[in-house]
$ cat start-v1.tsv   # TSV, C-alpha atoms
chain	number	residue	atom	x	y	z
A	1	MET	CA	7.92	14.54	-3.16
A	2	THR	CA	4.26	14.85	-2.14
A	3	GLU	CA	3.20	12.83	-5.21
A	4	THR	CA	5.57	10.04	-4.19
A	5	LYS	CA	4.25	10.03	-0.62
A	6	ASN	CA	0.66	9.89	-1.94
A	7	LEU	CA	1.67	6.93	-4.11
A	8	VAL	CA	3.22	5.15	-1.10
A	9	GLU	CA	0.02	5.72	0.91
A	10	ALA	CA	-2.15	4.36	-1.95
A	11	ILE	CA	0.13	1.31	-2.22
A	12	ILE	CA	-0.16	0.63	1.51
A	13	GLU	CA	-3.96	0.89	1.30
A	14	GLY	CA	-3.97	-1.54	-1.62
A	15	ILE	CA	-1.88	-4.02	0.37
A	16	GLN	CA	-4.13	-3.70	3.42
A	17	GLU	CA	-7.26	-4.14	1.29
A	18	LYS	CA	-6.19	-7.73	0.51
A	19	LYS	CA	-4.77	-8.41	3.99
A	20	GLY	CA	-1.10	-8.23	3.00
A	21	ARG	CA	0.99	-8.49	6.17
A	22	ALA	CA	4.22	-7.22	7.69
A	23	ILE	CA	4.36	-4.08	5.54
A	24	SER	CA	7.72	-2.29	5.59
A	25	VAL	CA	8.58	0.99	3.89
A	26	ALA	CA	12.28	1.58	3.30
A	27	ASP	CA	13.16	5.23	2.66
A	28	LEU	CA	16.00	5.16	0.13
A	29	SER	CA	15.70	8.84	-0.81
A	30	SER	CA	19.02	9.83	0.78
A	31	ILE	CA	20.98	6.99	-0.86
A	32	ASP	CA	22.47	8.10	-4.18
A	33	THR	CA	22.96	4.58	-5.55
A	34	ALA	CA	19.42	3.35	-4.77
A	35	PRO	CA	17.23	2.48	-7.77
A	36	CYS	CA	14.24	4.43	-6.40
A	37	LYS	CA	13.09	6.61	-3.48
A	38	TYR	CA	11.08	3.95	-1.59
A	39	PHE	CA	10.75	0.20	-1.31
A	40	VAL	CA	7.37	-1.03	-0.05
A	41	ILE	CA	7.62	-4.67	1.02
A	42	CYS	CA	4.92	-7.03	2.28
A	43	THR	CA	4.02	-10.68	2.66
A	44	GLY	CA	1.11	-12.73	1.33
A	45	GLY	CA	0.19	-16.13	2.74
A	46	SER	CA	-0.24	-17.98	-0.57
A	47	PRO	CA	0.53	-17.44	-4.27
A	48	GLN	CA	-3.14	-16.50	-4.78
A	49	GLN	CA	-2.93	-13.85	-2.07
A	50	VAL	CA	0.39	-12.50	-3.42
A	51	GLU	CA	-1.27	-12.05	-6.81
A	52	ALA	CA	-4.41	-10.49	-5.26
A	53	VAL	CA	-2.29	-8.03	-3.25
A	54	ALA	CA	-0.33	-7.05	-6.38
A	55	ASP	CA	-3.57	-6.52	-8.32
A	56	SER	CA	-4.98	-4.43	-5.46
A	57	VAL	CA	-1.83	-2.29	-5.35
A	58	GLU	CA	-2.22	-1.59	-9.07
A	59	GLU	CA	-5.88	-0.66	-8.61
A	60	PHE	CA	-5.31	1.63	-5.61
A	61	ALA	CA	-2.29	3.35	-7.20
A	62	ARG	CA	-4.31	4.00	-10.36
A	63	LYS	CA	-7.42	5.26	-8.55
A	64	HIS	CA	-5.83	7.24	-5.72
A	65	ALA	CA	-2.50	8.40	-7.16
A	66	ALA	CA	-3.14	8.26	-10.94
A	67	GLU	CA	-0.09	6.00	-11.37
A	68	LYS	CA	0.48	2.83	-13.37
A	69	PRO	CA	3.51	0.59	-12.95
A	70	ALA	CA	6.19	0.79	-15.64
A	71	ALA	CA	6.75	-2.94	-15.16
A	72	VAL	CA	5.31	-5.87	-13.20
A	73	CYS	CA	7.35	-9.06	-12.77
A	74	GLY	CA	6.68	-12.37	-11.07
A	75	LYS	CA	2.94	-12.87	-11.46
A	76	ALA	CA	3.47	-16.18	-13.28
A	77	ASN	CA	4.60	-18.01	-10.12
A	78	ALA	CA	3.46	-15.38	-7.56
A	79	GLU	CA	6.31	-16.15	-5.17
A	80	TRP	CA	7.70	-12.62	-5.47
A	81	VAL	CA	5.82	-9.99	-7.46
A	82	ALA	CA	7.62	-6.71	-8.09
A	83	LEU	CA	5.85	-3.58	-9.30
A	84	ASP	CA	8.00	-0.69	-10.57
A	85	TYR	CA	6.49	2.78	-10.21
A	86	GLY	CA	9.76	4.61	-10.92
A	87	THR	CA	10.11	6.39	-7.59
A	88	VAL	CA	8.60	3.45	-5.67
A	89	MET	CA	9.25	-0.28	-5.99
A	90	VAL	CA	6.68	-2.64	-4.47
A	91	HIS	CA	7.67	-6.19	-3.47
A	92	VAL	CA	4.99	-8.73	-2.52
A	93	PHE	CA	6.52	-11.96	-1.22
A	94	LEU	CA	5.62	-15.39	0.02
A	95	PRO	CA	7.17	-15.76	3.53
A	96	ASP	CA	10.12	-17.99	2.50
A	97	ALA	CA	11.09	-15.77	-0.43
A	98	ARG	CA	10.91	-12.64	1.70
A	99	GLU	CA	13.14	-14.18	4.33
A	100	HIS	CA	15.59	-15.38	1.67
A	101	TYR	CA	15.96	-12.04	-0.15
A	102	ASP	CA	15.76	-9.87	3.00
A	103	LEU	CA	15.29	-6.61	1.05
A	104	GLU	CA	14.74	-4.55	4.19
A	105	HIS	CA	18.42	-4.94	5.02
A	106	LEU	CA	19.84	-4.46	1.52
A	107	TRP	CA	20.62	-0.83	2.35
A	108	HIS	CA	21.65	-0.76	5.99
A	109	ASP	CA	21.55	3.04	6.22
A	110	ALA	CA	17.95	3.34	4.98
A	111	PRO	CA	15.33	3.98	7.66
A	112	VAL	CA	12.63	1.30	7.59
A	113	GLN	CA	9.11	1.99	8.86
A	114	SER	CA	6.93	-0.95	9.85
A	115	ILE	CA	3.21	-0.52	9.18
A	116	PRO	CA	1.06	-2.44	11.70
A	117	ASP	CA	-1.22	-5.17	10.37
A	118	LEU	CA	-4.87	-4.09	10.45
A	119	ASP	CA	-6.23	-7.04	12.42
$ encode --input "start-v1.tsv" --output "structure tokens"
Amino acid sequence: MTETKNLVEAIIEGIQEKKGRAISVADLSSIDTAPCKYFVICTGGSPQQVEAVADSVEEFARKHAAEKPAAVCGKANAEWVALDYGTVMVHVFLPDAREHYDLEHLWHDAPVQSIPDLD
């Protein structure tokens, strides 16, 4: 589990590096039907920032946790980019898409930690 927590920390740092906002970490580890252990969700202000945040997450996960995503989806329109690290799924949204999909509340019994914005 320590490797997964290190990966989550590296992902958060990657998001913060490009000023991703409203970071939430949903702990799905106690939910048998969940597709992974953690969801890390954040918002970017523009498609360019969403893409930059996703690229930064990939860089920080590779450098600090020696992890590469198994799949990356959504970079073409950069409205919602999803990065699949197996035990961790990262979701980088534009504000409207995040509000629409509301992933934080998909599993009501999962504890969600909010990470304060850096500025």
$ closest_residue --input "start-v1.tsv" --among "A:Glu59, A:Asp96, A:Asp109, A:Asp102" --to "A:Gly44" --atoms "all atoms listed in the file"
A:Asp96
$ residues_near_point --input "start-v1.tsv" --point "(2.8, -0.4, -9.3)" --cutoff "12 Å" --atoms "all atoms listed in the file" --output "MDAnalysis selection string"
chainID A and resid 4 7:8 10:12 14:15 39:40 53:63 65:73 81:92
$ write_last_selection --input "start-v1.tsv" --atoms "C-alpha atoms" --output "PDB file, keeping the file's coordinate frame"
ATOM      1  CA  THR A   4       5.570  10.040  -4.190  1.00  0.00           C
ATOM      2  CA  LEU A   7       1.670   6.930  -4.110  1.00  0.00           C
ATOM      3  CA  VAL A   8       3.220   5.150  -1.100  1.00  0.00           C
ATOM      4  CA  ALA A  10      -2.150   4.360  -1.950  1.00  0.00           C
ATOM      5  CA  ILE A  11       0.130   1.310  -2.220  1.00  0.00           C
ATOM      6  CA  ILE A  12      -0.160   0.630   1.510  1.00  0.00           C
ATOM      7  CA  GLY A  14      -3.970  -1.540  -1.620  1.00  0.00           C
ATOM      8  CA  ILE A  15      -1.880  -4.020   0.370  1.00  0.00           C
ATOM      9  CA  PHE A  39      10.750   0.200  -1.310  1.00  0.00           C
ATOM     10  CA  VAL A  40       7.370  -1.030  -0.050  1.00  0.00           C
ATOM     11  CA  VAL A  53      -2.290  -8.030  -3.250  1.00  0.00           C
ATOM     12  CA  ALA A  54      -0.330  -7.050  -6.380  1.00  0.00           C
ATOM     13  CA  ASP A  55      -3.570  -6.520  -8.320  1.00  0.00           C
ATOM     14  CA  SER A  56      -4.980  -4.430  -5.460  1.00  0.00           C
ATOM     15  CA  VAL A  57      -1.830  -2.290  -5.350  1.00  0.00           C
ATOM     16  CA  GLU A  58      -2.220  -1.590  -9.070  1.00  0.00           C
ATOM     17  CA  GLU A  59      -5.880  -0.660  -8.610  1.00  0.00           C
ATOM     18  CA  PHE A  60      -5.310   1.630  -5.610  1.00  0.00           C
ATOM     19  CA  ALA A  61      -2.290   3.350  -7.200  1.00  0.00           C
ATOM     20  CA  ARG A  62      -4.310   4.000 -10.360  1.00  0.00           C
ATOM     21  CA  LYS A  63      -7.420   5.260  -8.550  1.00  0.00           C
ATOM     22  CA  ALA A  65      -2.500   8.400  -7.160  1.00  0.00           C
ATOM     23  CA  ALA A  66      -3.140   8.260 -10.940  1.00  0.00           C
ATOM     24  CA  GLU A  67      -0.090   6.000 -11.370  1.00  0.00           C
ATOM     25  CA  LYS A  68       0.480   2.830 -13.370  1.00  0.00           C
ATOM     26  CA  PRO A  69       3.510   0.590 -12.950  1.00  0.00           C
ATOM     27  CA  ALA A  70       6.190   0.790 -15.640  1.00  0.00           C
ATOM     28  CA  ALA A  71       6.750  -2.940 -15.160  1.00  0.00           C
ATOM     29  CA  VAL A  72       5.310  -5.870 -13.200  1.00  0.00           C
ATOM     30  CA  CYS A  73       7.350  -9.060 -12.770  1.00  0.00           C
ATOM     31  CA  VAL A  81       5.820  -9.990  -7.460  1.00  0.00           C
ATOM     32  CA  ALA A  82       7.620  -6.710  -8.090  1.00  0.00           C
ATOM     33  CA  LEU A  83       5.850  -3.580  -9.300  1.00  0.00           C
ATOM     34  CA  ASP A  84       8.000  -0.690 -10.570  1.00  0.00           C
ATOM     35  CA  TYR A  85       6.490   2.780 -10.210  1.00  0.00           C
ATOM     36  CA  GLY A  86       9.760   4.610 -10.920  1.00  0.00           C
ATOM     37  CA  THR A  87      10.110   6.390  -7.590  1.00  0.00           C
ATOM     38  CA  VAL A  88       8.600   3.450  -5.670  1.00  0.00           C
ATOM     39  CA  MET A  89       9.250  -0.280  -5.990  1.00  0.00           C
ATOM     40  CA  VAL A  90       6.680  -2.640  -4.470  1.00  0.00           C
ATOM     41  CA  HIS A  91       7.670  -6.190  -3.470  1.00  0.00           C
ATOM     42  CA  VAL A  92       4.990  -8.730  -2.520  1.00  0.00           C
TER      43      VAL A  92
END
$ closest_residue --input "start-v1.tsv" --among "A:Gln16, A:Ala97, A:His105, A:Ala110" --to "A:Lys37" --atoms "only C-alpha atoms"
A:Ala110
$ atom_distance --input "start-v1.tsv" --atom1 "atom CA of A:Asp119" --atom2 "atom CA of A:Phe93"
19.3 Å
$ residues_near_point --input "start-v1.tsv" --point "(-0.8, -16.4, -4.6)" --cutoff "10 Å" --atoms "all atoms listed in the file" --output "ChimeraX atom specification"
/A:44-54,75-81,92-94
$ atom_distance --input "start-v1.tsv" --atom1 "atom CA of A:Ile115" --atom2 "atom CA of A:Asp27"
13.2 Å
$ atom_distance --input "start-v1.tsv" --atom1 "atom CA of A:Ser24" --atom2 "atom CA of A:Cys36"
15.2 Å
$ closest_residue --input "start-v1.tsv" --among "A:Gly74, A:Pro35, A:Pro95, A:Pro111" --to "A:Arg21" --atoms "all atoms listed in the file"
A:Pro95
$ closest_residue --input "start-v1.tsv" --among "A:Val112, A:Leu103, A:Val25, A:Cys42" --to "A:Glu9" --atoms "all atoms listed in the file"
A:Val25
$ build_atoms --input "start-v1.tsv" --residues "stretch 9-25 of chain A" --atoms "N, CA and C atoms" --output "PDB file, in the frame of the given file"
ATOM      1  N   GLU A   9       1.235   5.899   0.104  1.00  0.00           N
ATOM      2  CA  GLU A   9       0.020   5.720   0.910  1.00  0.00           C
ATOM      3  C   GLU A   9      -1.018   4.881   0.150  1.00  0.00           C
ATOM      4  N   ALA A  10      -1.190   5.136  -1.143  1.00  0.00           N
ATOM      5  CA  ALA A  10      -2.150   4.360  -1.950  1.00  0.00           C
ATOM      6  C   ALA A  10      -1.707   2.899  -2.037  1.00  0.00           C
ATOM      7  N   ILE A  11      -0.409   2.671  -2.169  1.00  0.00           N
ATOM      8  CA  ILE A  11       0.130   1.310  -2.220  1.00  0.00           C
ATOM      9  C   ILE A  11      -0.151   0.580  -0.913  1.00  0.00           C
ATOM     10  N   ILE A  12       0.092   1.245   0.202  1.00  0.00           N
ATOM     11  CA  ILE A  12      -0.160   0.630   1.510  1.00  0.00           C
ATOM     12  C   ILE A  12      -1.640   0.277   1.658  1.00  0.00           C
ATOM     13  N   GLU A  13      -2.512   1.179   1.239  1.00  0.00           N
ATOM     14  CA  GLU A  13      -3.960   0.890   1.300  1.00  0.00           C
ATOM     15  C   GLU A  13      -4.308  -0.316   0.433  1.00  0.00           C
ATOM     16  N   GLY A  14      -3.709  -0.406  -0.737  1.00  0.00           N
ATOM     17  CA  GLY A  14      -3.970  -1.540  -1.620  1.00  0.00           C
ATOM     18  C   GLY A  14      -3.513  -2.855  -1.001  1.00  0.00           C
ATOM     19  N   ILE A  15      -2.376  -2.819  -0.322  1.00  0.00           N
ATOM     20  CA  ILE A  15      -1.880  -4.020   0.370  1.00  0.00           C
ATOM     21  C   ILE A  15      -2.845  -4.406   1.484  1.00  0.00           C
ATOM     22  N   GLN A  16      -3.236  -3.429   2.283  1.00  0.00           N
ATOM     23  CA  GLN A  16      -4.130  -3.700   3.420  1.00  0.00           C
ATOM     24  C   GLN A  16      -5.491  -4.190   2.970  1.00  0.00           C
ATOM     25  N   GLU A  17      -5.955  -3.735   1.818  1.00  0.00           N
ATOM     26  CA  GLU A  17      -7.260  -4.140   1.290  1.00  0.00           C
ATOM     27  C   GLU A  17      -7.339  -5.658   1.109  1.00  0.00           C
ATOM     28  N   LYS A  18      -6.229  -6.276   0.736  1.00  0.00           N
ATOM     29  CA  LYS A  18      -6.190  -7.730   0.510  1.00  0.00           C
ATOM     30  C   LYS A  18      -5.443  -8.450   1.629  1.00  0.00           C
ATOM     31  N   LYS A  19      -5.347  -7.799   2.778  1.00  0.00           N
ATOM     32  CA  LYS A  19      -4.770  -8.410   3.990  1.00  0.00           C
ATOM     33  C   LYS A  19      -3.300  -8.815   3.848  1.00  0.00           C
ATOM     34  N   GLY A  20      -2.548  -8.042   3.029  1.00  0.00           N
ATOM     35  CA  GLY A  20      -1.100  -8.230   3.000  1.00  0.00           C
ATOM     36  C   GLY A  20      -0.552  -7.919   4.390  1.00  0.00           C
ATOM     37  N   ARG A  21       0.508  -8.600   4.802  1.00  0.00           N
ATOM     38  CA  ARG A  21       0.990  -8.490   6.170  1.00  0.00           C
ATOM     39  C   ARG A  21       2.441  -8.008   6.213  1.00  0.00           C
ATOM     40  N   ALA A  22       2.836  -7.606   7.413  1.00  0.00           N
ATOM     41  CA  ALA A  22       4.220  -7.220   7.690  1.00  0.00           C
ATOM     42  C   ALA A  22       4.733  -6.207   6.665  1.00  0.00           C
ATOM     43  N   ILE A  23       3.993  -5.112   6.515  1.00  0.00           N
ATOM     44  CA  ILE A  23       4.360  -4.080   5.540  1.00  0.00           C
ATOM     45  C   ILE A  23       5.544  -3.280   6.094  1.00  0.00           C
ATOM     46  N   SER A  24       6.568  -3.132   5.261  1.00  0.00           N
ATOM     47  CA  SER A  24       7.720  -2.290   5.590  1.00  0.00           C
ATOM     48  C   SER A  24       7.914  -1.282   4.478  1.00  0.00           C
ATOM     49  N   VAL A  25       8.262  -0.057   4.867  1.00  0.00           N
ATOM     50  CA  VAL A  25       8.580   0.990   3.890  1.00  0.00           C
ATOM     51  C   VAL A  25      10.013   1.434   4.151  1.00  0.00           C
TER      52      VAL A  25
END
